[in-house]
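Text of the file my_file_13.txt, holding compact mmCIF, C-alpha atoms:
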```txt
# COMPACT_ATOMS: atom_id res chain seq x y z
CA MET A 1 0.00 0.00 0.00
CA ASN A 2 1.34 3.44 -0.88
CA TRP A 3 0.93 5.51 2.28
CA ASN A 4 1.72 8.65 0.27
CA ALA A 5 -1.63 8.64 -1.51
CA GLY A 6 -3.28 11.97 -2.20
CA TYR A 7 -4.57 13.79 0.86
CA GLY A 8 -8.24 13.42 1.69
CA THR A 9 -10.67 15.84 3.27
CA ARG A 10 -9.53 16.43 6.84
CA VAL A 11 -12.85 16.42 8.72
CA GLU A 12 -16.36 15.54 7.72
CA ARG A 13 -18.00 17.42 10.55
CA GLY A 14 -21.64 17.11 9.49
CA LEU A 15 -24.41 19.29 10.91
CA PRO A 16 -24.27 20.54 14.53
CA GLY A 17 -26.15 18.34 16.95
CA VAL A 18 -26.00 15.19 14.86
CA ARG A 19 -27.24 12.43 17.13
CA ALA A 20 -27.01 9.20 15.20
CA PHE A 21 -23.73 7.35 14.91
CA LEU A 22 -25.05 4.74 12.49
CA THR A 23 -26.20 5.29 8.95
CA LYS A 24 -27.59 2.85 6.45
CA GLY A 25 -25.89 1.76 3.27
CA LYS A 26 -26.17 -0.91 0.61
CA LYS A 27 -23.76 -3.81 0.30
CA MET A 28 -24.12 -6.64 -2.17
CA GLY A 29 -27.83 -5.97 -2.53
CA LYS A 30 -28.47 -6.06 1.23
CA THR A 31 -28.99 -3.28 3.77
CA ALA A 32 -25.91 -2.92 5.96
CA GLU A 33 -24.99 -0.65 8.84
CA THR A 34 -22.29 1.84 7.95
CA ILE A 35 -19.43 1.94 10.45
CA ARG A 36 -18.41 5.52 11.21
CA VAL A 37 -14.67 5.84 11.80
CA LEU A 38 -12.52 8.65 13.21
CA LEU A 39 -8.84 8.60 12.18
CA ALA A 40 -6.22 9.89 14.65
CA ASP A 41 -2.69 10.21 13.26
CA ASP A 42 -0.41 13.22 13.03
CA TYR A 43 0.96 12.39 9.56
CA PRO A 44 -1.27 13.60 6.68
CA ALA A 45 0.14 11.03 4.24
CA ILE A 46 -0.60 8.19 6.65
CA ARG A 47 -4.16 9.39 7.18
CA ALA A 48 -4.62 9.66 3.43
CA GLY A 49 -3.36 6.11 2.93
CA ILE A 50 -5.69 4.74 5.60
CA ARG A 51 -8.61 6.67 4.13
CA THR A 52 -7.85 5.14 0.72
CA ILE A 53 -8.11 1.64 2.21
CA LEU A 54 -11.34 2.40 4.06
CA GLU A 55 -13.02 4.07 1.10
CA LYS A 56 -12.90 0.74 -0.74
CA ALA A 57 -15.50 -0.62 1.68
CA PRO A 58 -19.15 0.42 1.22
CA ASP A 59 -19.89 -0.30 4.89
CA VAL A 60 -17.17 1.98 6.33
CA ARG A 61 -17.15 5.79 6.31
CA VAL A 62 -14.44 8.12 7.63
CA VAL A 63 -16.22 10.94 9.46
CA GLY A 64 -13.22 12.85 10.80
CA GLU A 65 -9.45 13.10 11.11
CA ALA A 66 -7.51 14.19 14.19
CA THR A 67 -3.85 15.23 14.24
CA GLY A 68 -3.27 14.97 17.99
CA GLY A 69 -4.57 13.43 21.19
CA ALA A 70 -6.62 16.41 22.37
CA GLU A 71 -8.28 16.75 18.97
CA ALA A 72 -9.01 13.00 18.92
CA MET A 73 -10.89 13.34 22.21
CA GLN A 74 -12.73 16.47 21.04
CA LEU A 75 -13.86 14.94 17.74
CA THR A 76 -14.85 11.66 19.40
CA ALA A 77 -17.14 13.60 21.72
CA GLN A 78 -18.50 15.70 18.83
CA LEU A 79 -18.93 13.05 16.14
CA ARG A 80 -19.61 9.96 18.27
CA PRO A 81 -18.05 7.48 15.81
CA GLN A 82 -18.38 3.75 16.29
CA LEU A 83 -14.64 3.40 16.04
CA LEU A 84 -11.60 5.54 16.86
CA LEU A 85 -8.55 4.38 14.87
CA LEU A 86 -5.69 5.58 17.08
CA ASP A 87 -1.99 6.05 16.39
CA LEU A 88 0.41 5.87 19.35
CA ARG A 89 2.82 8.70 18.53
CA MET A 90 0.97 12.01 18.44
CA PRO A 91 1.14 15.34 20.27
CA GLY A 92 -1.02 15.66 23.36
CA PRO A 93 -2.26 13.18 25.95
CA ARG A 94 -0.76 9.70 26.04
CA PRO A 95 -2.64 7.09 23.98
CA ALA A 96 -3.66 5.07 27.04
CA GLU A 97 -5.16 8.21 28.58
CA ILE A 98 -7.09 8.89 25.38
CA ALA A 99 -8.42 5.32 25.27
CA ARG A 100 -9.57 5.47 28.90
CA TRP A 101 -11.21 8.85 28.34
CA VAL A 102 -13.10 7.55 25.32
CA ARG A 103 -14.18 4.45 27.22
CA ASN A 104 -15.54 6.56 30.10
CA HIS A 105 -17.10 9.44 28.14
CA CYS A 106 -18.08 7.85 24.82
CA PRO A 107 -18.84 4.21 25.62
CA GLU A 108 -20.43 3.65 22.19
CA THR A 109 -16.99 4.23 20.59
CA GLU A 110 -14.48 1.38 20.37
CA THR A 111 -10.78 2.24 20.14
CA LEU A 112 -8.54 0.28 17.78
CA VAL A 113 -4.80 0.91 17.80
CA LEU A 114 -3.01 1.24 14.46
CA THR A 115 0.71 1.89 14.87
CA ALA A 116 4.15 1.37 13.40
CA HIS A 117 5.54 0.76 16.90
CA ASP A 118 4.95 -2.86 17.82
CA ILE A 119 6.47 -2.70 21.31
CA ASP A 120 5.47 -4.92 24.25
CA ARG A 121 4.99 -1.94 26.55
CA TYR A 122 2.48 -0.37 24.18
CA VAL A 123 0.60 -3.66 23.73
CA ALA A 124 0.32 -4.06 27.51
CA GLU A 125 -0.70 -0.45 28.18
CA MET A 126 -3.31 -0.30 25.43
CA MET A 127 -4.76 -3.67 26.41
CA GLU A 128 -5.10 -2.46 30.01
CA ALA A 129 -6.71 0.76 28.75
CA GLY A 130 -9.56 -1.28 27.28
CA THR A 131 -8.89 -0.95 23.55
CA ALA A 132 -10.40 -3.47 21.15
CA GLY A 133 -7.14 -4.46 19.49
CA PHE A 134 -3.61 -3.56 18.42
CA LEU A 135 -2.68 -3.59 14.73
CA THR A 136 0.59 -2.71 13.02
CA LYS A 137 0.59 -0.46 9.97
CA GLU A 138 2.75 -3.03 8.19
CA LYS A 139 -0.23 -5.40 8.05
CA ALA A 140 -2.91 -2.74 7.76
CA GLU A 141 -3.99 -3.26 4.15
CA GLN A 142 -4.70 -6.97 4.62
CA ALA A 143 -6.23 -6.85 8.10
CA LEU A 144 -7.63 -3.39 8.70
CA LEU A 145 -11.15 -3.62 7.26
CA GLY A 146 -11.83 -6.95 8.90
CA ALA A 147 -10.50 -5.67 12.22
CA ILE A 148 -12.69 -2.56 12.04
CA ARG A 149 -15.80 -4.65 11.40
CA ARG A 150 -15.02 -7.02 14.27
CA ALA A 151 -14.19 -4.20 16.69
CA ALA A 152 -17.41 -2.38 15.76
CA ARG A 153 -19.30 -5.56 16.72
CA GLY A 154 -17.66 -5.42 20.15
CA GLU A 155 -15.14 -8.19 19.61
CA ILE A 156 -11.73 -8.16 21.32
CA LEU A 157 -8.98 -8.64 18.75
CA TYR A 158 -5.90 -9.23 20.91
CA THR A 159 -4.21 -12.48 19.94
CA LYS A 160 -2.80 -15.11 22.30
CA GLU A 161 0.67 -13.98 21.30
CA GLN A 162 -0.10 -10.35 22.16
CA ARG A 163 -1.62 -11.37 25.49
CA ALA A 164 1.49 -13.39 26.31
CA ARG A 165 3.72 -10.44 25.40
CA ALA A 166 1.68 -8.12 27.60
CA ARG A 167 1.83 -10.57 30.51
CA ARG A 168 5.60 -10.95 30.13
CA TRP A 169 6.04 -7.19 30.03
CA ARG A 170 4.03 -6.67 33.20
CA GLU A 171 5.85 -9.43 35.06
CA GLU A 172 9.41 -8.88 33.82
CA VAL A 173 9.57 -5.22 32.83
CA GLY A 174 6.69 -3.25 34.26
CA GLN A 175 7.47 -4.24 37.83
CA ARG A 176 11.07 -3.07 37.47
CA TRP A 177 9.94 0.23 35.96
CA GLU A 178 7.53 0.77 38.84
CA ARG A 179 10.42 0.46 41.31
CA LEU A 180 12.07 3.57 39.88
CA THR A 181 11.24 6.96 41.32
CA GLU A 182 10.27 9.82 39.01
CA ARG A 183 13.74 11.33 39.40
CA GLU A 184 15.41 8.00 38.61
CA ARG A 185 13.32 7.76 35.44
CA GLN A 186 14.48 11.22 34.42
CA VAL A 187 18.11 10.24 35.01
CA LEU A 188 17.64 7.00 33.06
CA ALA A 189 16.17 8.88 30.09
CA LEU A 190 19.18 11.21 30.03
CA MET A 191 21.53 8.25 30.35
CA ALA A 192 19.88 6.76 27.28
CA GLU A 193 20.69 10.00 25.44
CA GLY A 194 24.36 9.37 26.20
CA LYS A 195 24.78 12.18 28.72
CA THR A 196 27.49 12.04 31.39
CA ASP A 197 26.80 12.43 35.11
CA LYS A 198 28.01 16.03 34.92
CA GLU A 199 25.69 16.82 31.98
CA ILE A 200 22.75 15.16 33.74
CA ALA A 201 23.50 17.16 36.89
CA GLN A 202 23.49 20.40 34.91
CA GLU A 203 20.21 19.59 33.16
CA LEU A 204 18.41 18.52 36.33
CA GLN A 205 20.12 21.18 38.46
CA ILE A 206 21.39 18.71 41.03
CA LYS A 207 24.87 17.73 42.25
CA THR A 208 27.01 15.33 40.21
CA LYS A 209 27.38 13.10 43.28
CA THR A 210 23.61 12.91 43.55
CA VAL A 211 23.41 11.76 39.93
CA GLY A 212 25.94 9.03 40.71
CA ASN A 213 23.78 7.86 43.59
CA HIS A 214 20.73 7.77 41.32
CA VAL A 215 22.64 5.77 38.70
CA SER A 216 23.71 3.21 41.32
CA ARG A 217 20.12 2.74 42.50
CA ILE A 218 18.87 2.47 38.91
CA LEU A 219 21.35 -0.32 38.12
CA ARG A 220 20.40 -2.19 41.27
CA LYS A 221 16.64 -1.89 40.71
CA LEU A 222 16.89 -2.94 37.06
CA GLY A 223 19.24 -5.83 37.81
CA VAL A 224 21.93 -4.68 35.36
CA THR A 225 25.64 -4.05 35.83
CA SER A 226 26.38 -0.99 33.70
CA ARG A 227 24.80 2.29 32.62
CA THR A 228 25.00 1.08 29.01
CA GLU A 229 22.87 -1.96 29.87
CA ALA A 230 20.39 0.28 31.68
CA ALA A 231 20.15 2.67 28.72
CA LEU A 232 19.69 -0.15 26.22
CA TRP A 233 16.98 -1.68 28.45
CA ALA A 234 15.08 1.62 28.55
CA VAL A 235 15.20 1.97 24.75
CA ARG A 236 14.37 -1.67 24.03
CA GLU A 237 11.34 -1.69 26.32
CA GLY A 238 9.92 1.54 24.90
CA PHE A 239 10.53 3.93 27.79
CA VAL A 240 12.88 6.11 25.74
CA ASP A 241 12.62 6.92 22.04
```

Encoded form using structure tokens:
Amino acid sequence: MNWNAGYGTRVERGLPGVRAFLTKGKKMGKTAETIRVLLADDYPAIRAGIRTILEKAPDVRVVGEATGGAEAMQLTAQLRPQLLLLDLRMPGPRPAEIARWVRNHCPETETLVLTAHDIDRYVAEMMEAGTAGFLTKEKAEQALLGAIRRAARGEILYTKEQRARARRWREEVGQRWERLTERERQVLALMAEGKTDKEIAQELQIKTKTVGNHVSRILRKLGVTSRTEAALWAVREGFVD
């Protein structure tokens, strides 16, 4: 699929006060419910490519496009789609926060993750946030329409393999991350950027000796023996870009 397809219309806002989130359409000579979808991705070319896929289906209609987390929440509340197709790397609130907000404030809307970042941490967090499923953009053309239809019916799409990955992450990674204080997480992120203790001290406005103490505690809590191992762990598990 060429994700650089021509850009589509950004938002189909409809008339103010629209109440219905289902419309009727024809498919193969039978009456079918049209699934109203809101796209949330900050790359115009990606949104255009997804729209191109969805427009092939007579039972799916894109009703809006959001470029960030706050806009995704606003348009979900305004348009009340059956499905929010959510990317994981956008400006604004974290994806898990968006998914929980949608679940609490717009319960008729299912959230389906569509991302290029197939990382165990994200799978675990989005599963816990109550999303319907987690798809990678690499497989989108083959699986997307079917996944949208299933999610709109209320099905849970997480596979056994994804559930196992999420469980492993919670047991082996998440618990270690939770042991770190907020300051230790800040130090770890700067370590992953390759900064020295002196540079970290300057950025956080603390003493170099204090940074050294934080580094020692980080290594102990993560069960690693060097700052390089700690930095690689943080990157591999999705805590640092």

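Of the residues under consideration (A:Glu172, A:Glu65, A:Glu138, A:Asp120), A:Asp120 shows the shortest atom-to-atom contact distance to Arg236 in chain A when counting only C-alpha atoms.
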
> Given the choices A:Thr196, A:Leu222, A:Arg170, A:Asp42, which gets closest to Lys209 in chain A if the distance is worked out from all atoms listed in the file?
Replying inline: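 Using all atoms listed in the file, Lys209 in chain A sits closest to A:Thr196.
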
Residues within 7 Å of range 199-202 of chain A, please, as a PDB file with C-alpha atoms, in the frame of the given file. Count all atoms listed in the file; anything in the same chain fewer than 5 positions from it doesn't count.
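The file below, selection.pdb, is the result:
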```
ATOM      1  CA  VAL A 187      18.110  10.240  35.010  1.00  0.00           C
ATOM      2  CA  LEU A 190      19.180  11.210  30.030  1.00  0.00           C
ATOM      3  CA  LYS A 207      24.870  17.730  42.250  1.00  0.00           C
ATOM      4  CA  THR A 208      27.010  15.330  40.210  1.00  0.00           C
ATOM      5  CA  VAL A 211      23.410  11.760  39.930  1.00  0.00           C
TER       6      VAL A 211
END
```

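Note that CA of Ala192 in chain A and CA of Arg100 in chain A are 29.5 Å apart.
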
>> Applying 8 Å and all atoms listed in the file, which residues near Thr131 in chain A remain after dropping the ones on its own chain fewer than 6 positions away? List them as a PyMOL selection string.
In response: chain A and resi 99+110-113

> Given the choices A:Glu141, A:Asp197, A:Glu125, A:Asp87, which gets closest to Arg165 in chain A if the distance is worked out from all atoms listed in the file?
Replying inline: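 Closest to Arg165 in chain A, using all atoms listed in the file: A:Glu125.
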
> Quick one: residues within 9 Å of Leu188 in chain A, all atoms listed in the file counted, chain neighbours fewer than 3 positions away excluded, as a list of chain:residue names?
Replying inline: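 Here the answer would be A:Arg183, A:Glu184, A:Arg185, A:Met191, A:Ala192, A:Glu193, A:His214, A:Val215, A:Ile218, A:Arg227, A:Ala230, A:Ala231, A:Ala234, A:Val240.
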
> What gap, in Å, lies between CA of Val63 in chain A and CA of Ile156 in chain A?
Replying inline: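 CA of Ile156 in chain A lies at a distance of 22.9 Å from CA of Val63 in chain A.
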
> In Å, how far is it from CA of Ala152 in chain A to CA of Leu79 in chain A?
Replying inline: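 Between CA of Ala152 in chain A and CA of Leu79 in chain A the gap is 15.5 Å.
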
> Counting all atoms listed in the file, which residues come within 7 Å of (-10.5, -5.1, 18.9), with the point read in the file's coordinates, and could you list them as a list in words?
Replying inline: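 Checked against the point, the hits come out as Leu112, Thr131, Ala132, Gly133, Ala147, Arg150, Ala151, Glu155, Ile156, Leu157 and Tyr158 of chain A.
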